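For reference, the structure is listed below as C-alpha cells.
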Amino acid sequence: MIEATELTKRYGGRTAVDALTFRVRPGRVTGFLGPNGAGKSTTMRLVLGLDTATSGTATVCGGPYRRLGAPLRSVGALLDAKGVHGGRSAYGHLAALAASNGIPRGRVAEVLDLVGLPPATARRRTKGFSLGMGQRLGLAAALIGDPEVLILDEPVNGLDTEGIRWVRDLMRSLAAEGRTVFLSSHLMSEMELTADHLVVIGRGRLLADTPMRDFLAAGPARAGAHTLVRTPEPERMRELLEERGATVRLDARGGWRVVGPGASAIGDLARDHGVAVHELTPELSSLEEVYTELARSSVEYGTGGANGDGGAASARSRTRTRTTVGKGHVR
Ligand SMILES: Nc1ncnc2c1ncn2[C@@H]1O[C@H](COP(=O)(O)OP(=O)(O)OP(=O)(O)O)[C@@H](O)[C@H]1O
C-alpha cells in the first residue's frame, strides 16, 4: 500500500505537488496519469524518500520509505532507467544492488532471465545499452528484492511492441500475486489495457481517483461515448434521430455514430417507426478521449498549482473548480 496525505512539494515559488491525498492498494495495477509537469515524478520521488515534502506525508508499506529496514525487499522502483553507472555491466550493477541489500547473488540471474536480458548482454557495459535494454535493466533492479510494492515511472518508455506487451503481462501478474503496482505512462491505449484503477493529477492536484471502468463510463458524451447503429434505411434513421436532437455522424466502419440517445432509446425509436436495425452497439469512450476531456475541463476551470505564483492561483481556483466529490469519483 502507498498512501499520500495532503502531500505538498514546492520548489521556490512553484507548487509541483499540491495537497495530494490518495491510496494505492495492493492486488491491482494503479495507473498514474497527468500531463507533462503535472507532478507525477515528484510524487513518486516523495514516496521513495528521494525528496522531502514541504508538508503532508507519504508512506509505503505502512511507514516513510526512509524507515524501511531493507527497502529493496519492500519497494522496487524505476524512476530513471539511465541512472546506472555506464562503466558497469548489467550483471555488476544488479550484483552490487543484491550485495548491499542482503539479497542472494543467485537472484541476479533470475531477474535477468525474468526481464529477458541474455547473459552475454548482461556482461556488457551498460553504456552501450539501447533505451529498451536500459529499461529492462531498470525493471530487473526494481524486481531484484521480490518487493511487495512497485513504483514505475514510464516503464514502457523505449520498448518495442513485444516489450510493451511483456511489461503489461508482468504488471498484471505481479498485481494478481497481491502486490501493489503503481505506474505512470503517457501511452493511454496501453494504460487502458494495463491498469485497473487510476489516479489522475493536473498541476499537482488530484483530478480523479477511480476504477478504470468507472472513469471510462463517466466520460461525457463529447469525449467519445456513442452508439453505433447499422440499418438498411440509413437516411430514415438519421432523420428520426436528428428530429430528436441526436448528433449523427458517419462512422469510419460504416453505419451511424450516434451521440445523445442511448442504445435502448434508439432501438425503441426504430421499432416505433418500423425501421429495421441490423446493429446497435453502445461504445464507451477510450481512456484517451476521457482523459483529454478531463484535462481540458480542468484547465478551463483551473486547478492552479505549478505555475510559479506560489500557489496563489491554486488557492483562487479552488473556489472556481466544479464541485469535487469523494474518493472513487472523477473530480
Ligand atoms: N528539482 C526541481 N526543482 C525545481 N522544479 C522542479 C524540480 N522537479 C520538478 N520540478 C517542477 O515541478 C513540476 C512537476 O514536475 P514533475 O517532473 O514531477 O512532473 P511530471 O508529471 O512527472 O512530468 P513528465 O510527465 O513530463 O515527466 C514541473 O513544473 C517541474 O518543472
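Identifiers in the C-alpha cells: chain A, B, ... in order shown; residue index from 1 per chain; ligand index from 1 in order shown.
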Would you write out, as JSON lines, a table of all residues in chain A that have an atom no more than 6 Å from an atom of ligand 1, listing for each the closest atom pair and the distance in Å to one decimal, considering only C-alpha atoms and all ligand atoms and ordering rows by chain and rising residue number?
{"residue": "A:Tyr11", "atom": "CA", "partner": "ligand 1", "partner_atom_place_in_ligand_line": "4 (C)", "distance": 4.9}
{"residue": "A:Ala16", "atom": "CA", "partner": "ligand 1", "partner_atom_place_in_ligand_line": "12 (O)", "distance": 4.0}
{"residue": "A:Gly34", "atom": "CA", "partner": "ligand 1", "partner_atom_place_in_ligand_line": "21 (O)", "distance": 5.8}
{"residue": "A:Pro35", "atom": "CA", "partner": "ligand 1", "partner_atom_place_in_ligand_line": "25 (O)", "distance": 5.6}
{"residue": "A:Asn36", "atom": "CA", "partner": "ligand 1", "partner_atom_place_in_ligand_line": "26 (O)", "distance": 3.4}
{"residue": "A:Gly37", "atom": "CA", "partner": "ligand 1", "partner_atom_place_in_ligand_line": "19 (O)", "distance": 3.4}
{"residue": "A:Ala38", "atom": "CA", "partner": "ligand 1", "partner_atom_place_in_ligand_line": "21 (O)", "distance": 3.7}
{"residue": "A:Gly39", "atom": "CA", "partner": "ligand 1", "partner_atom_place_in_ligand_line": "18 (O)", "distance": 3.2}
{"residue": "A:Lys40", "atom": "CA", "partner": "ligand 1", "partner_atom_place_in_ligand_line": "21 (O)", "distance": 3.8}
{"residue": "A:Ser41", "atom": "CA", "partner": "ligand 1", "partner_atom_place_in_ligand_line": "22 (O)", "distance": 3.6}
{"residue": "A:Thr42", "atom": "CA", "partner": "ligand 1", "partner_atom_place_in_ligand_line": "18 (O)", "distance": 3.6}
{"residue": "A:Ala306", "atom": "CA", "partner": "ligand 1", "partner_atom_place_in_ligand_line": "29 (O)", "distance": 5.4}
- request: Fewer than 2 positions away in the same chain doesn't count, so skip those; otherwise give me all residues within 7 Å of Thr180 (chain A), counting only C-alpha atoms, as a VMD selection string.
  value: chain A and resid 1 24 to 29 148 to 150 175 178 182
message: So, with only C-alpha atoms as the atoms that count, which of A:Ala246, A:Arg203, A:Val229, A:Ile151 lies closest to Ala295 (chain A)?
response: A:Arg203
field: Picked from region 55-252 of chain A by DSSP as helix (DSSP H, G or I), as JSON, numbers by chain
entry: {"A": [65, 66, 67, 71, 72, 73, 74, 90, 91, 92, 93, 94, 95, 96, 97, 98, 99, 100, 106, 107, 108, 109, 110, 111, 112, 113, 114, 115, 119, 120, 121, 122, 126, 127, 128, 131, 132, 133, 134, 135, 136, 137, 138, 139, 140, 141, 142, 143, 161, 162, 163, 164, 165, 166, 167, 168, 169, 170, 171, 172, 173, 174, 175, 176, 188, 189, 190, 191, 192, 193, 194, 212, 213, 214, 215, 216, 217, 221, 222, 223, 234, 235, 236, 237, 238, 239, 240, 241, 242, 243]}
Using only C-alpha atoms, tabulate the residues of region 5-63 of chain A lying at most 6 Å from any atom of region 196-199 of chain A, each with its closest atom pair and that distance in Å to one decimal, by chain and increasing residue number, as JSON lines.
{"residue": "A:Val29", "atom": "CA", "partner": "A:Asp196", "partner_atom": "CA", "distance": 5.4}
{"residue": "A:Thr30", "atom": "CA", "partner": "A:His197", "partner_atom": "CA", "distance": 4.6}
{"residue": "A:Gly31", "atom": "CA", "partner": "A:Leu198", "partner_atom": "CA", "distance": 4.7}
{"residue": "A:Phe32", "atom": "CA", "partner": "A:Val199", "partner_atom": "CA", "distance": 5.0}
field: Contacts of region 117-119 of chain A within 12 Å, only C-alpha atoms, excl. fewer than 4 positions in-chain, as a PyMOL selection string
entry: chain A and resi 89-92+108-113+123-124+126+129-130+132-140+163
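Residues lying within 6 Å of Gly76 (chain A), counting only C-alpha atoms and ignoring same-chain neighbours fewer than 3 positions away, are Leu72, Ala142, Leu143, Pro147 and Leu150 of chain A.
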query: Which one is closest to Phe22 (chain A): A:Arg205, A:His226, A:Arg253, A:Arg73? Count only C-alpha atoms.
result: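 Ranking A:Arg205, A:His226, A:Arg253, A:Arg73 by distance to Phe22 (chain A), first place goes to A:Arg205.
CA of Asp51 (chain A) is positioned 26.7 Å from CA of Gly87 (chain A).
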